[in-house]
file final.cif (mmCIF, C-alpha atoms; chains and numbers go by the auth columns)
data_my_file
#
loop_
_atom_site.group_PDB
_atom_site.id
_atom_site.type_symbol
_atom_site.label_atom_id
_atom_site.label_comp_id
_atom_site.label_asym_id
_atom_site.label_seq_id
_atom_site.Cartn_x
_atom_site.Cartn_y
_atom_site.Cartn_z
_atom_site.B_iso_or_equiv
_atom_site.auth_seq_id
_atom_site.auth_asym_id
ATOM 1 C CA MET A 1 86.740 123.542 94.384 0.00 1 A
ATOM 2 C CA ASN A 2 90.197 122.226 93.605 0.00 2 A
ATOM 3 C CA HIS A 3 92.277 122.176 96.781 0.00 3 A
ATOM 4 C CA ARG A 4 94.357 119.755 98.706 0.00 4 A
ATOM 5 C CA PRO A 5 92.825 118.782 102.073 0.00 5 A
ATOM 6 C CA SER A 6 94.897 121.114 104.238 0.00 6 A
ATOM 7 C CA GLN A 7 93.579 124.083 102.244 0.00 7 A
ATOM 8 C CA PHE A 8 89.948 123.527 103.239 0.00 8 A
ATOM 9 C CA GLU A 9 88.607 125.460 106.160 0.00 9 A
ATOM 10 C CA GLN A 10 88.383 123.095 109.104 0.00 10 A
ATOM 11 C CA ILE A 11 84.747 123.389 110.116 0.00 11 A
ATOM 12 C CA PRO A 12 83.153 120.469 111.926 0.00 12 A
ATOM 13 C CA SER A 13 80.168 118.898 110.222 0.00 13 A
ATOM 14 C CA PRO A 14 76.793 120.024 111.532 0.00 14 A
ATOM 15 C CA SER A 15 75.328 117.578 113.998 0.00 15 A
ATOM 16 C CA GLY A 16 71.897 116.136 113.609 0.00 16 A
ATOM 17 C CA SER A 17 70.253 112.953 112.498 0.00 17 A
ATOM 18 C CA PHE A 18 72.964 112.225 109.929 0.00 18 A
ATOM 19 C CA ILE A 19 76.114 110.172 110.062 0.00 19 A
ATOM 20 C CA ASP A 20 78.732 112.150 108.140 0.00 20 A
ATOM 21 C CA VAL A 21 80.813 109.966 105.844 0.00 21 A
ATOM 22 C CA ALA A 22 83.700 111.168 103.668 0.00 22 A
ATOM 23 C CA LEU A 23 84.276 109.288 100.401 0.00 23 A
ATOM 24 C CA VAL A 24 87.202 109.538 97.991 0.00 24 A
ATOM 25 C CA ALA A 25 86.942 108.521 94.361 0.00 25 A
ATOM 26 C CA LEU A 26 90.587 107.777 93.613 0.00 26 A
ATOM 27 C CA ARG A 27 90.936 107.997 89.850 0.00 27 A
ATOM 28 C CA ARG A 28 93.490 107.116 87.206 0.00 28 A
ATOM 29 C CA LYS A 29 93.657 106.936 83.425 0.00 29 A
ATOM 30 C CA GLY A 30 92.779 103.500 82.093 0.00 30 A
ATOM 31 C CA ILE A 31 95.033 101.357 79.945 0.00 31 A
ATOM 32 C CA SER A 32 93.667 102.985 76.790 0.00 32 A
ATOM 33 C CA ARG A 33 94.497 106.404 78.353 0.00 33 A
ATOM 34 C CA GLU A 34 91.053 107.552 77.174 0.00 34 A
ATOM 35 C CA ASN A 35 88.927 106.184 80.013 0.00 35 A
ATOM 36 C CA ILE A 36 89.012 107.112 83.679 0.00 36 A
ATOM 37 C CA GLU A 37 89.041 104.331 86.239 0.00 37 A
ATOM 38 C CA ILE A 38 87.833 104.619 89.833 0.00 38 A
ATOM 39 C CA LEU A 39 89.137 102.528 92.717 0.00 39 A
ATOM 40 C CA VAL A 40 86.441 100.507 94.497 0.00 40 A
ATOM 41 C CA ALA A 41 86.810 98.378 97.617 0.00 41 A
ATOM 42 C CA LYS A 42 84.965 95.299 98.820 0.00 42 A
ATOM 43 C CA ARG A 43 84.035 95.263 102.483 0.00 43 A
ATOM 44 C CA PRO A 44 85.226 92.193 104.410 0.00 44 A
ATOM 45 C CA ASP A 45 82.737 89.323 104.532 0.00 45 A
ATOM 46 C CA ASP A 46 82.733 89.537 108.336 0.00 46 A
ATOM 47 C CA ALA A 47 82.048 93.297 108.493 0.00 47 A
ATOM 48 C CA GLU A 48 79.281 94.302 110.925 0.00 48 A
ATOM 49 C CA ILE A 49 77.563 96.490 108.317 0.00 49 A
ATOM 50 C CA LEU A 50 77.209 95.766 104.582 0.00 50 A
ATOM 51 C CA ALA A 51 79.461 92.702 104.669 0.00 51 A
ATOM 52 C CA GLY A 52 80.896 91.878 101.231 0.00 52 A
ATOM 53 C CA ALA A 53 79.474 95.024 99.601 0.00 53 A
ATOM 54 C CA TRP A 54 81.450 97.131 97.128 0.00 54 A
ATOM 55 C CA GLU A 55 81.990 100.773 98.045 0.00 55 A
ATOM 56 C CA ILE A 56 84.010 103.887 97.323 0.00 56 A
ATOM 57 C CA PRO A 57 86.842 104.151 99.910 0.00 57 A
ATOM 58 C CA GLY A 58 86.009 106.342 102.875 0.00 58 A
ATOM 59 C CA GLY A 59 84.507 106.333 106.316 0.00 59 A
ATOM 60 C CA LYS A 60 82.955 108.247 109.178 0.00 60 A
ATOM 61 C CA VAL A 61 83.961 111.817 109.859 0.00 61 A
ATOM 62 C CA ASP A 62 85.245 112.024 113.433 0.00 62 A
ATOM 63 C CA ALA A 63 83.752 114.544 115.870 0.00 63 A
ATOM 64 C CA GLY A 64 85.312 117.957 115.239 0.00 64 A
ATOM 65 C CA GLU A 65 86.963 116.781 112.008 0.00 65 A
ATOM 66 C CA ALA A 66 86.365 118.493 108.673 0.00 66 A
ATOM 67 C CA PRO A 67 85.025 116.133 105.982 0.00 67 A
ATOM 68 C CA ASN A 68 87.923 116.858 103.595 0.00 68 A
ATOM 69 C CA ILE A 69 90.465 115.972 106.291 0.00 69 A
ATOM 70 C CA ALA A 70 88.517 112.774 107.028 0.00 70 A
ATOM 71 C CA ALA A 71 88.583 111.933 103.313 0.00 71 A
ATOM 72 C CA ALA A 72 92.386 112.186 103.140 0.00 72 A
ATOM 73 C CA ARG A 73 92.777 110.235 106.405 0.00 73 A
ATOM 74 C CA GLU A 74 90.406 107.465 105.289 0.00 74 A
ATOM 75 C CA LEU A 75 92.112 107.136 101.894 0.00 75 A
ATOM 76 C CA LEU A 76 95.481 106.676 103.601 0.00 76 A
ATOM 77 C CA GLU A 77 94.107 104.231 106.200 0.00 77 A
ATOM 78 C CA GLU A 78 92.200 102.128 103.674 0.00 78 A
ATOM 79 C CA THR A 79 94.546 102.117 100.662 0.00 79 A
ATOM 80 C CA GLY A 80 97.938 103.404 101.826 0.00 80 A
ATOM 81 C CA VAL A 81 97.689 106.230 99.269 0.00 81 A
ATOM 82 C CA ASP A 82 98.784 109.603 100.656 0.00 82 A
ATOM 83 C CA CYS A 83 97.193 112.493 98.784 0.00 83 A
ATOM 84 C CA THR A 84 98.117 115.290 101.170 0.00 84 A
ATOM 85 C CA ASP A 85 101.041 116.396 99.022 0.00 85 A
ATOM 86 C CA PRO A 86 100.601 119.838 97.397 0.00 86 A
ATOM 87 C CA SER A 87 100.789 118.206 93.954 0.00 87 A
ATOM 88 C CA CYS A 88 97.502 116.364 94.617 0.00 88 A
ATOM 89 C CA VAL A 89 94.530 118.292 93.280 0.00 89 A
ATOM 90 C CA TRP A 90 91.342 117.515 95.173 0.00 90 A
ATOM 91 C CA ILE A 91 87.935 118.021 93.626 0.00 91 A
ATOM 92 C CA ARG A 92 84.913 118.448 95.853 0.00 92 A
ATOM 93 C CA ILE A 93 82.119 116.558 94.105 0.00 93 A
ATOM 94 C CA GLY A 94 79.439 117.525 96.616 0.00 94 A
ATOM 95 C CA ILE A 95 77.207 116.218 99.362 0.00 95 A
ATOM 96 C CA VAL A 96 74.622 113.481 98.885 0.00 96 A
ATOM 97 C CA GLU A 97 71.966 112.724 101.490 0.00 97 A
ATOM 98 C CA PRO A 98 70.177 109.502 100.533 0.00 98 A
ATOM 99 C CA PRO A 99 67.220 108.193 102.568 0.00 99 A
ATOM 100 C CA ALA A 100 68.085 106.450 105.820 0.00 100 A
ATOM 101 C CA PRO A 101 68.310 102.661 105.907 0.00 101 A
ATOM 102 C CA LEU A 102 65.522 101.180 108.017 0.00 102 A
ATOM 103 C CA GLY A 103 66.269 101.632 111.710 0.00 103 A
ATOM 104 C CA ARG A 104 69.498 103.607 111.222 0.00 104 A
ATOM 105 C CA PRO A 105 70.424 107.295 110.895 0.00 105 A
ATOM 106 C CA ALA A 106 70.766 108.616 107.357 0.00 106 A
ATOM 107 C CA PRO A 107 74.263 108.900 105.905 0.00 107 A
ATOM 108 C CA ARG A 108 75.441 112.262 104.609 0.00 108 A
ATOM 109 C CA PHE A 109 78.141 111.522 102.032 0.00 109 A
ATOM 110 C CA HIS A 110 80.812 114.187 101.464 0.00 110 A
ATOM 111 C CA ILE A 111 82.284 113.147 98.116 0.00 111 A
ATOM 112 C CA TYR A 112 85.751 114.073 96.880 0.00 112 A
ATOM 113 C CA SER A 113 87.942 112.899 94.035 0.00 113 A
ATOM 114 C CA VAL A 114 91.689 112.948 93.561 0.00 114 A
ATOM 115 C CA GLU A 115 94.002 111.486 90.941 0.00 115 A
ATOM 116 C CA LEU A 116 96.295 108.631 91.962 0.00 116 A
ATOM 117 C CA PRO A 117 99.710 110.189 92.670 0.00 117 A
ATOM 118 C CA LEU A 118 102.532 109.044 90.396 0.00 118 A
ATOM 119 C CA GLY A 119 104.262 105.993 91.857 0.00 119 A
ATOM 120 C CA SER A 120 101.485 105.187 94.351 0.00 120 A
ATOM 121 C CA VAL A 121 100.096 101.675 94.467 0.00 121 A
ATOM 122 C CA PRO A 122 96.828 101.255 96.387 0.00 122 A
ATOM 123 C CA ARG A 123 96.510 98.264 98.700 0.00 123 A
ATOM 124 C CA ALA A 124 93.453 96.665 100.298 0.00 124 A
ATOM 125 C CA LEU A 125 94.312 97.615 103.897 0.00 125 A
ATOM 126 C CA ALA A 126 90.725 97.703 105.215 0.00 126 A
ATOM 127 C CA ALA A 127 88.927 95.762 102.479 0.00 127 A
ATOM 128 C CA SER A 128 88.932 92.158 101.349 0.00 128 A
ATOM 129 C CA SER A 129 89.868 93.360 97.859 0.00 129 A
ATOM 130 C CA ILE A 130 90.114 96.439 95.662 0.00 130 A
ATOM 131 C CA ALA A 131 89.608 96.905 91.940 0.00 131 A
ATOM 132 C CA TRP A 132 89.852 99.603 89.293 0.00 132 A
ATOM 133 C CA VAL A 133 86.559 100.070 87.447 0.00 133 A
ATOM 134 C CA GLU A 134 86.002 102.231 84.377 0.00 134 A
ATOM 135 C CA LEU A 135 83.835 105.221 85.199 0.00 135 A
ATOM 136 C CA GLU A 136 81.278 104.134 82.601 0.00 136 A
ATOM 137 C CA MET A 137 80.946 100.738 84.334 0.00 137 A
ATOM 138 C CA LEU A 138 80.346 101.977 87.900 0.00 138 A
ATOM 139 C CA HIS A 139 76.586 101.736 87.449 0.00 139 A
ATOM 140 C CA LYS A 140 76.911 97.967 86.817 0.00 140 A
ATOM 141 C CA ILE A 141 78.201 97.258 90.332 0.00 141 A
ATOM 142 C CA ASP A 142 75.684 95.957 92.867 0.00 142 A
ATOM 143 C CA TRP A 143 76.014 98.903 95.279 0.00 143 A
ATOM 144 C CA PRO A 144 74.283 99.185 98.660 0.00 144 A
ATOM 145 C CA ALA A 145 71.046 101.165 98.207 0.00 145 A
ATOM 146 C CA THR A 146 72.444 104.312 99.850 0.00 146 A
ATOM 147 C CA ASN A 147 75.306 104.425 97.352 0.00 147 A
ATOM 148 C CA HIS A 148 73.313 104.747 94.110 0.00 148 A
ATOM 149 C CA ALA A 149 72.998 108.533 94.485 0.00 149 A
ATOM 150 C CA VAL A 150 76.735 108.736 95.265 0.00 150 A
ATOM 151 C CA VAL A 151 77.651 106.865 92.082 0.00 151 A
ATOM 152 C CA LYS A 152 75.388 109.080 89.972 0.00 152 A
ATOM 153 C CA ALA A 153 76.815 112.305 91.442 0.00 153 A
ATOM 154 C CA LEU A 154 80.346 111.001 91.026 0.00 154 A
ATOM 155 C CA SER A 155 79.840 109.848 87.447 0.00 155 A
ATOM 156 C CA ASP A 156 78.181 113.121 86.426 0.00 156 A
ATOM 157 C CA ALA A 157 80.919 115.257 87.993 0.00 157 A
ATOM 158 C CA ILE A 158 83.897 113.271 86.668 0.00 158 A
ATOM 159 C CA GLN A 159 82.439 113.141 83.157 0.00 159 A
ATOM 160 C CA LYS A 160 82.711 116.948 83.175 0.00 160 A
ATOM 161 C CA ILE A 161 86.401 116.977 84.186 0.00 161 A
ATOM 162 C CA LYS A 162 87.572 114.287 81.773 0.00 162 A
#
call {"tool": "encode", "arguments": {"input": "final.cif", "output": "structure tokens"}}
result
Amino acid sequence: MNHRPSQFEQIPSPSGSFIDVALVALRRKGISRENIEILVAKRPDDAEILAGAWEIPGGKVDAGEAPNIAAARELLEETGVDCTDPSCVWIRIGIVEPPAPLGRPAPRFHIYSVELPLGSVPRALAASSIAWVELEMLHKIDWPATNHAVVKALSDAIQKIK
């Protein structure tokens, strides 16, 4: 589905033994203009969970919040990039439910992608650093175990829209 966040029906995520997390693969054309790059963020070294790990920007879906709205909110909070403008075309990649980490509830990742709006410059507002990585190189990053399925789903979906 290609919609901006305000166009999605606002239905709260189902409750259960999952922690709903909305992720946004912010993409841009690479320097060669042939490759797509994805913005990745490095968690602060003093973070309570997954300190120093690389991740796709995003975060927990608040109670009563639709995942697509959480995705837009998290992108703005973490990078300063506002993609709620009607010119931003959102792509819903899908939902990935990897196995739960030992002793914690399983994450349910709601994955979206949107192109970097013209003139926007992402900043590391909630991360120790950010970087643009070519789509074909995402698999080379040392992701947390729960993120491997996210990267595969993201790579497969974006390859189709290139």
call {"tool": "closest_residue", "arguments": {"input": "final.cif", "among": "A:Ile36, A:Ala22, A:Ala100, A:Ile91", "to": "Asp62 (chain A)", "atoms": "only C-alpha atoms"}}
result
A:Ala22
call {"tool": "residues_around", "arguments": {"input": "final.cif", "residues": "Arg104 (chain A)", "least_positions_apart": "3", "cutoff": "12 Å", "atoms": "only C-alpha atoms", "output": "ChimeraX atom specification"}}
result
/A:17-19,49,99-101,107,146
call {"tool": "residues_near_point", "arguments": {"input": "final.cif", "point": "(99.7, 109.7, 91.6)", "cutoff": "10 Å", "atoms": "only C-alpha atoms", "output": "list in words"}}
result
Leu26, Arg27, Arg28, Val81, Asp82, Cys83, Ser87, Cys88, Val114, Glu115, Leu116, Pro117, Leu118, Gly119, Ser120 and Val121 of chain A
call {"tool": "residues_around", "arguments": {"input": "final.cif", "residues": "Glu74 (chain A)", "least_positions_apart": "3", "cutoff": "10 Å", "atoms": "all atoms listed in the file", "output": "PyMOL selection string"}}
result
chain A and resi 21-24+57-61+68-71+77-82+126
call {"tool": "atom_distance", "arguments": {"input": "final.cif", "atom1": "CA of Ala131 (chain A)", "atom2": "CA of Glu37 (chain A)"}}
result
9.4 Å
call {"tool": "residues_around", "arguments": {"input": "final.cif", "residues": "Val40 (chain A)", "least_positions_apart": "5", "cutoff": "8 Å", "atoms": "all atoms listed in the file", "output": "MDAnalysis selection string"}}
result
chainID A and resid 54:57 130:133
call {"tool": "closest_residue", "arguments": {"input": "final.cif", "among": "A:Ala145, A:Ala72, A:Ala25, A:Val96", "to": "Tyr112 (chain A)", "atoms": "only C-alpha atoms"}}
result
A:Ala25
call {"tool": "atom_distance", "arguments": {"input": "final.cif", "atom1": "CA of Trp143 (chain A)", "atom2": "CA of Ala53 (chain A)"}}
result
6.8 Å
call {"tool": "resolve_selection", "arguments": {"input": "final.cif", "expression": "the PyMOL selection byres ((chain A and resi 51) around 12)", "output": "MDAnalysis selection string"}}
result
chainID A and resid 41:50 52:55 127:128 143:144
call {"tool": "atom_distance", "arguments": {"input": "final.cif", "atom1": "CA of Leu154 (chain A)", "atom2": "CA of Ile93 (chain A)"}}
result
6.6 Å
call {"tool": "residues_near_point", "arguments": {"input": "final.cif", "point": "(84.4, 111.4, 80.9)", "cutoff": "7 Å", "atoms": "all atoms listed in the file", "output": "MDAnalysis selection string"}}
result
chainID A and resid 35:36 158:162
